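*Asks:* Here it is, the structure in full.
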Amino acid sequence: AMDNGSGVAVLLDLAQKLSQSNVALPFDLEFVFFGGEEVGMLGSNHYVSKLSQQQKDEILLMINVDVVASGDNLYVWGEDKKTPQANYFADQSNGKISKTPANTKAMGVHSGYRPYYSVCQASDHMEFLSQGIPVAAFFSGNFKSGTFEFVENKGMADVSHTQNDTINYLKNNFGIKFAQNMQTVSDTIFSGVMLNANTFVDEVKDARNYIVADFWLNLNYALGILALLIVLAGVFAYRYHKKLQKRAILGSVEIKTNTVFEKPDEDDIFTFRS
């Protein structure tokens with residue numbers, strides 16, 4: 001139900017709205033229901049693997065809707081930084097959907113897409129993002145639960161991946177809220193993508209420029225840069241230590257050189273004697 005019947009329901013609602021409207025879109029729109037996400041993004045991985053480079057380049061945006069029913073708050077994520085697509089959909093929701101806070105890097109799961117933990121890694125959109133295709137991922141939960149970890153609902157056990165992930169449980173514990181959450185996501189996407197299609201294109205056409213460069217996502221590069229910084233810090237610490245030694249010997253007398261040394265040089269001894 002929550003994971004991910006809620007996302008399926010939103011897409012079906014969107015498809016119905018589109019079929020009943022007279023909207024003419026300046027782009028093609030595909031509704032895709034991926035399988036096998038929980039066991040390794042099998043469906044989305046297969047889909048992306050069959051795309052040619054030209055097809056990848058032509059995709060304006062991949063919109064992912066996952067676990068949007070019973071979480072405390074609704075979020076939209078485009079990258080681990082500000083993105084035009086997240087800004088756009090947050091505005092379209094009239095304050096009902098928030099842009100994902102920056103602290104997601106320290107929360108959630110490590111799924112192999114990024115060399116750090118992030119709750120926003122754990123869904124099908126990452127298969128697209130890893131191939132340079134911009135995304136907008138809608139989900140629900142709470143980043144301000146008072147604990148270090150991301151939760152679906154403050155003070156309650158998560159619904160996803162449990163025996164409680166049923167329609168009856170959602171009705172009994174969340175009332176109409178879970179349906180309202182799904183409706184909000186559906187209305188936001190319908191308004192943002194379909195009713196305002198030209199504005200949508202203008203807002204997200206440069207979204208590719210906001211994808212974090214692969215260089216900074218490669219763990220080997222990150223470790224190499226870290227090692228270099230450690231070496232530089234060591235060199236600085238060694239030189240500073242030697243300068244402190246010189247200061248200890250010469251006291252408050254002017255130090256004319258910064259040469260690394262074991263004992264005062266002639267310049268400093270001369271200054272000291274004068």
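Chains: A, B, ... in order of the structure tokens. Residues: from 1 per chain. Ligands: from 1, in order shown.
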Env of A:Tyr210: 9 Å cut, atoms = only C-alpha atoms, seq-sep filter 5 positions within chain, self excluded. Answer as a ChimeraX atom specification.

*Replies:* /A:78-79,81-84,134

*Asks:* Per residue of stretch 88-176 of chain A within 7 Å of stretch 34-53 of chain A, record the nearest atom pair and its distance in Å to one decimal, counting only C-alpha atoms, with rows in chain order and ascending residue number, as JSON lines.

*Replies:*
```
{"residue": "A:Ser123", "atom": "CA", "partner": "A:Glu37", "partner_atom": "CA", "distance": 6.8}
{"residue": "A:Asp124", "atom": "CA", "partner": "A:Ser44", "partner_atom": "CA", "distance": 5.7}
{"residue": "A:Glu127", "atom": "CA", "partner": "A:Asn45", "partner_atom": "CA", "distance": 5.8}
{"residue": "A:Phe128", "atom": "CA", "partner": "A:Val48", "partner_atom": "CA", "distance": 6.6}
```

*Asks:* DSSP on the backbone: which residues in stretch 101-223 of chain A end up as helix (DSSP H, G or I)? Give the answer as a PyMOL selection string.

*Replies:* chain A and resi 102-106+119-121+125-129+167-174+177-195+197-204+207-210+214-217+219-223

*Asks:* Return the single residue from A:Ala248, A:Leu228, A:Val212, A:Ala197 that is closest to A:Val23, with distances computed using only C-alpha atoms.

*Replies:*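 Nearest candidate to A:Val23 out of A:Ala248, A:Leu228, A:Val212, A:Ala197: A:Ala197.
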
*Asks:* If I take atom CA of A:Ile230 and atom CA of A:Arg114, how far is one from the other in Å, to one decimal?

*Replies:*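 Atom-to-atom, atom CA of A:Ile230 and atom CA of A:Arg114 are spaced 22.4 Å apart.
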
*Asks:* Just list the residues in stretch 81-203 of chain A DSSP gives strand (DSSP E or B) on the backbone, as a list in words.

*Replies:*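 For stretch 81-203 of chain A, the strand (DSSP E or B) set is Ile97, Ser98, Lys99, Val109, Ser118, Val135, Ala136, Ala137, Phe138, Phe139, Ser140, Gly141, Asn142 and Val151 of chain A.
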
*Asks:* With only C-alpha atoms as the counted atoms, please give the residues lying no more than 6 Å from stretch 58-70 of chain A, apart from itself and same-chain residues fewer than 3 positions off, as a PDB file with C-alpha atoms, in the first residue's frame.

*Replies:*
```
ATOM      1  CA  MET A   2       2.517   2.606   1.178  1.00  0.00           C
ATOM      2  CA  ASP A   3       5.425   0.981  -0.690  1.00  0.00           C
ATOM      3  CA  ASN A   4       4.623   1.320  -3.438  1.00  0.00           C
ATOM      4  CA  SER A   6       0.818   4.777  -3.294  1.00  0.00           C
ATOM      5  CA  GLY A   7       3.073   5.579  -6.241  1.00  0.00           C
ATOM      6  CA  GLN A  55      17.187   8.564 -26.113  1.00  0.00           C
ATOM      7  CA  HIS A 125      15.267   7.301 -10.120  1.00  0.00           C
ATOM      8  CA  PRO A 134      17.770  14.512 -14.434  1.00  0.00           C
ATOM      9  CA  VAL A 135      15.125  13.375 -11.964  1.00  0.00           C
ATOM     10  CA  ALA A 136      12.457  14.572  -9.563  1.00  0.00           C
ATOM     11  CA  ALA A 137      11.712  12.070  -6.799  1.00  0.00           C
ATOM     12  CA  PHE A 138       8.581  12.441  -4.670  1.00  0.00           C
ATOM     13  CA  PHE A 139       8.380  10.664  -1.310  1.00  0.00           C
ATOM     14  CA  SER A 140       7.074  11.157   2.227  1.00  0.00           C
ATOM     15  CA  PHE A 178      -2.724   9.155   3.405  1.00  0.00           C
ATOM     16  CA  ASN A 181      -0.898  12.996   0.473  1.00  0.00           C
ATOM     17  CA  MET A 182      -1.339  11.004  -2.725  1.00  0.00           C
TER      18      MET A 182
END
```

*Asks:* Just give me the gap between atom CA of A:Lys99 and atom CA of A:Thr166 in Å, one decimal is fine.

*Replies:*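 Those two atoms sit 27.6 Å apart.
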
*Asks:* Please indicate the distance in Å from atom CA of A:Gly155 to atom CA of A:Ser98, rounded to one decimal place.

*Replies:*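 Between atom CA of A:Gly155 and atom CA of A:Ser98 the gap is 20.6 Å.
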
*Asks:* What's around A:Leu18 at 10 Å? Count only C-alpha atoms, leave out sequence neighbours fewer than 6 positions away in its own chain, and write the answer as a PyMOL selection string.

*Replies:* chain A and resi 12+24+190+194-195

*Asks:* Limited to N, CA, C and O atoms, could you put the picked residues into a file as an mmCIF file, in the first residue's frame?

*Replies:*
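Ended up saving to result-v8.cif:
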```
data_model
loop_
_atom_site.group_PDB
_atom_site.id
_atom_site.type_symbol
_atom_site.label_atom_id
_atom_site.label_comp_id
_atom_site.auth_asym_id
_atom_site.auth_seq_id
_atom_site.Cartn_x
_atom_site.Cartn_y
_atom_site.Cartn_z
ATOM 1 N N LEU A 12 -1.721 6.230 -11.858
ATOM 2 C CA LEU A 12 -3.004 5.897 -12.474
ATOM 3 C C LEU A 12 -3.942 7.098 -12.467
ATOM 4 O O LEU A 12 -4.666 7.343 -13.440
ATOM 5 N N ALA A 24 -2.661 19.504 -24.842
ATOM 6 C CA ALA A 24 -1.715 19.136 -25.898
ATOM 7 C C ALA A 24 -0.307 19.384 -25.377
ATOM 8 O O ALA A 24 0.076 20.523 -25.108
ATOM 9 N N PHE A 190 0.342 17.023 -12.077
ATOM 10 C CA PHE A 190 -0.585 17.345 -13.161
ATOM 11 C C PHE A 190 -0.529 18.834 -13.503
ATOM 12 O O PHE A 190 -0.460 19.217 -14.675
ATOM 13 N N MET A 194 1.534 18.988 -16.893
ATOM 14 C CA MET A 194 0.522 18.901 -17.948
ATOM 15 C C MET A 194 -0.229 20.206 -18.178
ATOM 16 O O MET A 194 -0.390 20.647 -19.318
ATOM 17 N N LEU A 195 -0.690 20.845 -17.117
ATOM 18 C CA LEU A 195 -1.437 22.088 -17.297
ATOM 19 C C LEU A 195 -0.533 23.262 -17.638
ATOM 20 O O LEU A 195 -0.962 24.237 -18.262
#
```

*Asks:* Smallest atom-to-atom distance to A:Gly5: which of A:Phe33, A:Ser145, A:Phe174, A:Gly71, using only C-alpha atoms?

*Replies:* A:Phe33
